[in-house]
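Here the structure is laid out as structure tokens; the discussion comes afterwards.
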Amino acid sequence: METVFYISAAIAVLSTLMVVTRRNAVHALLYLIVSLLAVAVILFVLGGPMVAVLEVIVYAGAIMVLFVFVIIVLNIGHEAVRQERQWLRPGNWIGPALLTGVLAAELVYILAGRAAGVASGEQVSPAALGASLFGPYVLGVEMASLLLLAALVGAYHLGRRTTTRQEQGSDGIDKR
Amino acid sequence: MSWNWTMADAQALLPLMVVSAAAVVVLLVLACCRRAGVAGILPAGETPATRIGAVLTVIALAAALALLPVAGAAAPRSVTFLVIVDGYGLFFAGLLLSACIAVALLGHSYFRQETSAGGEFYVLLLLAAAGAMTLVFSRHFASFFLGLEILSVSLYALAAYNRASLAGLEAGVKYLVLAASSASFLLLGMAFVYAKTGTMDLGRLAQLLNAAPQPALVTVGLLLIMVGVGFKLALVPFHLWTADVYQGAPAAVTAFIATVSKGAMFALLMRYLVGVNFTLQYPLLAVLTAVAVGSMFVGNLLALRQENVKRLLAYSSIAQLGYLLVTLLAAGPGGRELAIRAAGGFLAAYFIATLGAFGVVSLLSSPQREAESFDDYRGLAWRHPVLAGVLAAMLLSLAGIPLTVGFIGKFYVLAAGVNANLAALVAAMVINSGIGLYYYLRLAIALFTPSRAEPPPRVAIHPAGAAVLAVLTVLLVAVGVYPQPLLRLLAAVVAL
Amino acid sequence: MASISVESGLILSAVLFGLGLIGVLARRNILFILLSIEIMLNAAGLAFVVAGSAWQDESPTVAASAAATEPTTSVGGYKESTVPQADGQVMFFFVLTMAAAEVSVGLALVLRMHSQAGSLDADALSRMRG
């Protein structure tokens, strides 16, 4: 288990370093996803299966997809085609692929049961986490919902096209 | 593990619940109004919708304010281990809610002609108010940082609210990048402290700090937390964003950032750091002292040569927060009561004067044009004699001239400092009050000197904004001349 | 069982945090700055889980006693939270929420920057000085 932790930690640091130094936003995103996957493995090793899953779903999934979406919206035209050609070159995806491969190997190793248990002590089961969230932390969950509402309203206001009087007729669907 | 709600819990949380619920209600009402406008039931355009939003917002905030004594009947009460409702929190919640009402009315005057503004302003304002109240009532890392984030995320959108303005966009981007970075510092610091102490309870943490010097990891964690706090309070060296954001944001939002956002953060800081025996936590003491002195000097010196009124007020607010920090350092184990009273008095005075000053700026501005250069204010006494008088009074209060509420606040802080034998800090404060006097008077005098340049167009003054300024001015003078009610209130707060 | 020390976990999160900070300070493209902020937030979340794992050993007994007494908590009564280790993961949860909120508003601002300023360079906006 210790080895798994250190290998994942090395991958996380390495890929994060690549994120910070990449020129191309898509490459950086690829490395960031690798880094997040590595952190997810670490979270699992530390006894948090549920947060590990969330790290993959929310961070590597939802949040990164938002970034991809914005990059797509911004790169219309020649530049996108050029970049498309560029990032299909093996030099660009081989790095993330290798690192992910190592993570996959770790995952197989864990799932094969040879490293049963957690590096330090016991796991927090999803049920225990849920009980905590909706037990003593229930006000925190309410506050988190307010936070998301604020983000929703803010993003709606900032992202919506400047409306003219005509457009208001079809308002309500004019957000992105 | 379950939590059983009791009526007393609900009672204590009532003001917070009203504000949060109002945000959702206003959002829904605005959506319906917009639909109705499209269908032709209501007049087209968003102006009637925003008016309804403004009215609902002010009613909700006023209702929350009125419910504070109701919540007070259940105080002091902890609702789960995240939130504590007590006299101290209620006093500051009252201060914040009053400021939010003023901001809502100023915002309504500011956006009067903007048809595309929508009503999101009020939803975001209510959410920000809920975040600020959460901060004031929080007793746990989780509620601390969630409250902070609700406040910050609402403010990103509010700072960039004018969609046509590049300066507003810059303000929003800058505020987002810096607030998010500083929040991650805060979180890392919290994690460090939690790793070493095993507690995320703020009260418990304050006890630990008082008991013994802490290991290095805790000190590092606390300093990282101070980065997040220092950013929110715009203290030196985390002040770099202040002037740009103050200048770029709509004036009403700037008033909010300068008062509610800072006041909520300071109330939280004060609640847990007041009375900590700093002699045991030397690194923290050294940092806080340096930050206080630095904020006073940097803020005042940068304000000296300002030709932009919003930036001048931004730098002045940095210095004012430096003064406020003196109360925190003056507390010590024995001076807790005096320190809280001093901080409460000073903050109330700062709120009145800052809201008033930005209120005048806001009334002279519109989404199309911010009245921010000195030229807009030169000779204001001839164009808008009443506004010029109000602004001058607010500036004199910020400078701490007797017969204004600013004098009471500053006097209190000085008394707390002298009481705690903080000679160096008191000296710095006196010197800086002198520097401050210069630039406050410079602007005040400019109001009464005839303008050489082409005078800016005369703007119509919206009655809602005028009412806010009238109330603030009356408070400014009334409390300045007869401070006893405020002092009694503060004494009652400390007792609870 | 060989265990990972809390120190090494915290060092890892500090290193990731530092890399994110370098990104925020060194990059000029707003998209990269937002990515770096995500790295910093993620590192802070990781630190919470690491910190939580340090405080779990006492959890079975504390959790049991807390579960038994929790519902009766009264005025000002302070209860240690139920399962110490879950606290760190609960905080991770909130950090995750916050990261999502930051990113949605941040990217909305990015879109506006692109359409209004025509550039994603954070310095391009800095026209206001004084």
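As shown in the structure tokens, the chain order sets the letters A, B, ...; within each chain, residues go from 1, and ligands are also counted from 1 in the order they appear.
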| said: Excluding Leu96 (chain B) and its own-chain neighbours fewer than 6 positions away, which residues fall within 12 Å of it when counting only C-alpha atoms? Please give them as a ChimeraX atom specification. | reply: /B:15-16,19,61-62,64-65,68,89-90,102-103,125-126,128-136,255-267,344,347-348,351-352,355
Please produce an output containing N, CA and C atoms for each residue in the selection, written as a CSV table (one decimal), in the first residue's frame.
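Resulting contents of selection20.csv:
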chain,number,residue,atom,x,y,z
B,15,PRO,N,-33.3,34.6,11.4
B,15,PRO,CA,-32.9,35.7,10.5
B,15,PRO,C,-32.1,35.1,9.3
B,16,LEU,N,-31.3,34.1,9.5
B,16,LEU,CA,-30.5,33.6,8.5
B,16,LEU,C,-31.4,32.8,7.5
B,19,VAL,N,-33.3,35.4,5.2
B,19,VAL,CA,-32.5,35.9,4.1
B,19,VAL,C,-32.2,34.9,3.0
B,61,LEU,N,-34.8,41.8,4.0
B,61,LEU,CA,-33.7,42.2,4.9
B,61,LEU,C,-34.2,42.9,6.1
B,62,ALA,N,-35.2,43.7,5.9
B,62,ALA,CA,-35.8,44.4,7.1
B,62,ALA,C,-36.4,43.4,8.0
B,64,ALA,N,-35.5,40.3,8.4
B,64,ALA,CA,-34.5,39.6,9.1
B,64,ALA,C,-33.9,40.5,10.3
B,65,LEU,N,-33.8,41.7,10.0
B,65,LEU,CA,-33.3,42.7,11.0
B,65,LEU,C,-34.3,42.7,12.2
B,68,LEU,N,-34.1,39.7,14.6
B,68,LEU,CA,-32.9,39.5,15.4
B,68,LEU,C,-33.2,39.4,16.9
B,89,GLY,N,-22.8,37.8,17.9
B,89,GLY,CA,-23.1,37.6,16.5
B,89,GLY,C,-24.3,38.4,16.0
B,90,LEU,N,-25.3,38.5,16.9
B,90,LEU,CA,-26.5,39.2,16.5
B,90,LEU,C,-26.2,40.7,16.3
B,102,ALA,N,-29.0,49.3,2.9
B,102,ALA,CA,-28.5,50.5,2.3
B,102,ALA,C,-28.0,50.2,0.9
B,103,VAL,N,-27.2,49.1,0.8
B,103,VAL,CA,-26.7,48.8,-0.5
B,103,VAL,C,-27.8,48.4,-1.5
B,125,LEU,N,-27.2,39.8,-4.0
B,125,LEU,CA,-27.0,40.6,-2.8
B,125,LEU,C,-27.5,39.8,-1.6
B,126,LEU,N,-28.7,39.2,-1.7
B,126,LEU,CA,-29.3,38.4,-0.6
B,126,LEU,C,-28.4,37.2,-0.3
B,128,ALA,N,-25.2,37.0,-0.8
B,128,ALA,CA,-24.0,37.5,-0.1
B,128,ALA,C,-24.3,37.9,1.3
B,129,ALA,N,-25.5,38.4,1.6
B,129,ALA,CA,-25.8,38.8,2.9
B,129,ALA,C,-25.9,37.5,3.8
B,130,ALA,N,-26.5,36.4,3.2
B,130,ALA,CA,-26.6,35.2,3.9
B,130,ALA,C,-25.2,34.6,4.2
B,131,GLY,N,-24.3,34.7,3.3
B,131,GLY,CA,-22.9,34.3,3.5
B,131,GLY,C,-22.2,35.1,4.6
B,132,ALA,N,-22.4,36.4,4.6
B,132,ALA,CA,-21.8,37.2,5.6
B,132,ALA,C,-22.4,36.9,7.0
B,133,MET,N,-23.7,36.6,7.1
B,133,MET,CA,-24.3,36.3,8.4
B,133,MET,C,-23.7,34.9,8.9
B,134,THR,N,-23.6,34.0,7.9
B,134,THR,CA,-23.0,32.7,8.3
B,134,THR,C,-21.6,32.9,8.9
B,135,LEU,N,-20.8,33.8,8.3
B,135,LEU,CA,-19.5,34.0,8.8
B,135,LEU,C,-19.6,34.5,10.3
B,136,VAL,N,-20.5,35.4,10.5
B,136,VAL,CA,-20.6,36.0,11.8
B,136,VAL,C,-21.0,35.0,12.9
B,255,ALA,N,-19.4,49.7,-2.2
B,255,ALA,CA,-19.8,50.0,-0.9
B,255,ALA,C,-20.0,48.7,-0.1
B,256,PHE,N,-20.6,47.7,-0.8
B,256,PHE,CA,-20.8,46.4,-0.1
B,256,PHE,C,-19.5,45.7,0.2
B,257,ILE,N,-18.5,45.7,-0.7
B,257,ILE,CA,-17.2,45.0,-0.5
B,257,ILE,C,-16.5,45.7,0.7
B,258,ALA,N,-16.6,47.1,0.7
B,258,ALA,CA,-15.9,47.8,1.7
B,258,ALA,C,-16.5,47.6,3.1
B,259,THR,N,-17.8,47.4,3.2
B,259,THR,CA,-18.4,47.3,4.5
B,259,THR,C,-18.7,45.9,4.9
B,260,VAL,N,-19.7,45.3,4.2
B,260,VAL,CA,-20.3,44.0,4.7
B,260,VAL,C,-19.2,42.9,4.6
B,261,SER,N,-18.5,42.8,3.5
B,261,SER,CA,-17.6,41.7,3.3
B,261,SER,C,-16.5,41.8,4.4
B,262,LYS,N,-16.0,43.1,4.6
B,262,LYS,CA,-14.9,43.2,5.6
B,262,LYS,C,-15.4,43.1,7.0
B,263,GLY,N,-16.6,43.7,7.2
B,263,GLY,CA,-17.1,43.6,8.6
B,263,GLY,C,-17.4,42.2,9.0
B,264,ALA,N,-17.9,41.4,8.2
B,264,ALA,CA,-18.3,40.0,8.5
B,264,ALA,C,-17.0,39.2,8.9
B,265,MET,N,-16.0,39.4,8.0
B,265,MET,CA,-14.7,38.7,8.2
B,265,MET,C,-14.1,39.2,9.5
B,266,PHE,N,-14.1,40.5,9.8
B,266,PHE,CA,-13.5,41.0,11.0
B,266,PHE,C,-14.2,40.5,12.2
B,267,ALA,N,-15.5,40.4,12.1
B,267,ALA,CA,-16.3,40.0,13.3
B,267,ALA,C,-15.9,38.5,13.7
B,344,GLY,N,-16.6,47.2,17.9
B,344,GLY,CA,-18.0,47.4,17.5
B,344,GLY,C,-18.3,48.8,17.2
B,347,LEU,N,-16.3,49.9,14.0
B,347,LEU,CA,-16.9,49.3,12.8
B,347,LEU,C,-18.2,50.0,12.4
B,348,ALA,N,-19.1,50.3,13.4
B,348,ALA,CA,-20.3,51.0,13.2
B,348,ALA,C,-20.0,52.3,12.5
B,351,PHE,N,-18.8,51.8,9.0
B,351,PHE,CA,-19.9,51.4,8.1
B,351,PHE,C,-20.7,52.7,7.7
B,352,ILE,N,-21.1,53.5,8.6
B,352,ILE,CA,-21.9,54.7,8.3
B,352,ILE,C,-21.1,55.6,7.3
B,355,LEU,N,-20.4,53.8,3.8
B,355,LEU,CA,-21.6,53.6,3.0
B,355,LEU,C,-22.1,55.0,2.5
| said: I'd like the contact shell of Ser373 (chain B) - 7 Å cut-off, only C-alpha atoms, skipping same-chain residues fewer than 6 positions apart - returned as a list in words. | reply: Glu307, Asn308 and Val309 of chain B
Export of the given selection (N, CA and C atoms) as a short mmCIF file (atom, residue, chain, number, x, y, z; two decimals), in the first residue's frame:
data_model
loop_
_atom_site.label_atom_id
_atom_site.label_comp_id
_atom_site.auth_asym_id
_atom_site.auth_seq_id
_atom_site.Cartn_x
_atom_site.Cartn_y
_atom_site.Cartn_z
N GLU B 307 -5.99 60.74 -7.57
CA GLU B 307 -6.87 61.67 -8.27
C GLU B 307 -8.21 61.01 -8.59
N ASN B 308 -8.38 59.77 -8.13
CA ASN B 308 -9.60 59.02 -8.40
C ASN B 308 -10.30 58.77 -7.07
N VAL B 309 -11.54 59.20 -6.96
CA VAL B 309 -12.20 59.18 -5.67
C VAL B 309 -12.42 57.75 -5.17
#
| Got a sec to pull out which chain A residues are within 6 Å of chain B, counting only C-alpha atoms, and send them as a ChimeraX atom specification? | /A:135-136,147,150,154,169
| task | Find the spatial neighbours of region 68-73 of chain A, counting only C-alpha atoms, within a cut-off of 12 Å - ignore same-chain residues fewer than 2 positions away - and output them as a PyMOL selection string. | result | (chain A and resi 24-30+32-33+60-66+75-77+79-81+83-84+159+176) or (chain C and resi 30-32+34-35+103-104+106-115+120)
Sort by chain and increasing residue number a table of all residues of chain C within 6 Å of chain A, each with its closest pair of atoms and their distance in Å to one decimal, counting only C-alpha atoms, and write it as a tab-separated table.
residue	atom	partner	partner_atom	distance
C:Ser3	CA	A:Ser120	CA	4.7
C:Ile4	CA	A:Ala119	CA	6.0
C:Gly23	CA	A:Val20	CA	5.2
C:Ala86	CA	A:Leu129	CA	5.8
C:Ala101	CA	A:Ala151	CA	5.1
C:Val105	CA	A:Ala155	CA	4.7
C:Ala108	CA	A:Gly159	CA	4.9
| query | Which polymer residues have any atom within 7 Å of an atom of Leu202 (chain B), counting only C-alpha atoms, with same-chain residues fewer than 3 positions away left out, as a ChimeraX atom specification? | reply | /B:139-141,205-206,272
Output file for the residues above (C-alpha atoms, as a short mmCIF file (atom, residue, chain, number, x, y, z; two decimals), in the first residue's frame):
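Dumped to selection13.cif:
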data_model
loop_
_atom_site.label_atom_id
_atom_site.label_comp_id
_atom_site.auth_asym_id
_atom_site.auth_seq_id
_atom_site.Cartn_x
_atom_site.Cartn_y
_atom_site.Cartn_z
CA ARG B 139 -17.90 28.38 15.07
CA HIS B 140 -16.35 25.69 12.88
CA PHE B 141 -13.95 25.60 9.95
CA LEU B 205 -8.73 26.21 18.79
CA ALA B 206 -8.70 29.55 20.59
CA TYR B 272 -11.94 33.99 18.25
#
| request: Please identify every residue of chain B that has at least one atom no more than 6 Å from any atom of chain C, counting only C-alpha atoms, and report them as a ChimeraX atom specification. | output: /B:1,3-4,77-78,170,184,187-188,191,195
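Straight-line separation from CA of Tyr175 (chain B) to CA of Gly248 (chain B): 10.4 Å.
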| remark: In Å and to one decimal, CA of Thr289 (chain B) is distant from CA of Tyr315 (chain B) by 18.9 Å
| message | Under the rule that only C-alpha atoms are counted, which of B:Gly189, B:Pro250, B:Pro215, B:Gly168 is the nearest residue to Gly107 (chain B)? | response | B:Pro250
| message | Residues near Leu364 (chain B), anyone? I mean within 10 Å using only C-alpha atoms, not counting same-chain ones fewer than 4 positions away, as number ranges by chain. | response | B: 109-110, 251, 358-360, 369-372, 376-377, 384, 387, 456-462
For the residues in the current selection, export C-alpha atoms as a PDB file, in the first residue's frame.
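Saved as result-v7.pdb:
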ATOM      1  CA  SER B 109     -30.912  53.970  -7.579  1.00  0.00           C
ATOM      2  CA  TYR B 110     -27.784  53.055  -9.509  1.00  0.00           C
ATOM      3  CA  ALA B 251     -20.249  51.975  -6.762  1.00  0.00           C
ATOM      4  CA  PHE B 358     -19.778  55.429  -1.630  1.00  0.00           C
ATOM      5  CA  GLY B 359     -23.474  56.263  -1.590  1.00  0.00           C
ATOM      6  CA  VAL B 360     -22.728  59.757  -2.875  1.00  0.00           C
ATOM      7  CA  ARG B 369     -20.579  56.434 -16.391  1.00  0.00           C
ATOM      8  CA  GLU B 370     -18.907  56.157 -13.020  1.00  0.00           C
ATOM      9  CA  ALA B 371     -18.311  59.510 -11.350  1.00  0.00           C
ATOM     10  CA  GLU B 372     -14.867  58.782 -10.018  1.00  0.00           C
ATOM     11  CA  ASP B 376     -16.466  65.139 -11.145  1.00  0.00           C
ATOM     12  CA  TYR B 377     -16.409  66.411  -7.578  1.00  0.00           C
ATOM     13  CA  HIS B 384     -25.567  69.401  -5.700  1.00  0.00           C
ATOM     14  CA  LEU B 387     -24.757  65.836  -1.745  1.00  0.00           C
ATOM     15  CA  PRO B 456     -20.171  67.025 -15.739  1.00  0.00           C
ATOM     16  CA  PRO B 457     -23.878  66.716 -16.509  1.00  0.00           C
ATOM     17  CA  ARG B 458     -26.196  67.197 -13.581  1.00  0.00           C
ATOM     18  CA  VAL B 459     -27.805  63.896 -12.641  1.00  0.00           C
ATOM     19  CA  ALA B 460     -31.228  63.295 -11.180  1.00  0.00           C
ATOM     20  CA  ILE B 461     -31.076  61.963  -7.630  1.00  0.00           C
ATOM     21  CA  HIS B 462     -33.185  58.887  -7.032  1.00  0.00           C
TER      22      HIS B 462
END
| field | CA of Val493 (chain B) to CA of Gly87 (chain B), straight-line distance in Å | value | 5.3 Å
| message | Among region 311-447 of chain B, which residues does DSSP mark as alpha helix (DSSP H) when it is run on the backbone? Keep the chain and numbering as in the structure and answer as JSON, numbers by chain. | response | {"B": [311, 312, 313, 314, 315, 316, 317, 318, 319, 320, 321, 322, 323, 324, 325, 326, 327, 328, 329, 330, 331, 336, 337, 338, 339, 340, 341, 342, 343, 344, 345, 346, 347, 348, 349, 350, 351, 352, 353, 354, 355, 356, 357, 358, 359, 360, 361, 362, 363, 364, 374, 375, 376, 377, 380, 381, 382, 383, 385, 386, 387, 388, 389, 390, 391, 392, 393, 394, 395, 396, 397, 398, 399, 405, 406, 407, 408, 409, 410, 411, 412, 413, 414, 415, 416, 417, 418, 419, 423, 424, 425, 426, 427, 428, 429, 430, 431, 432, 433, 434, 435, 436, 437, 438, 439, 440, 441, 442, 443, 444, 445, 446, 447]}
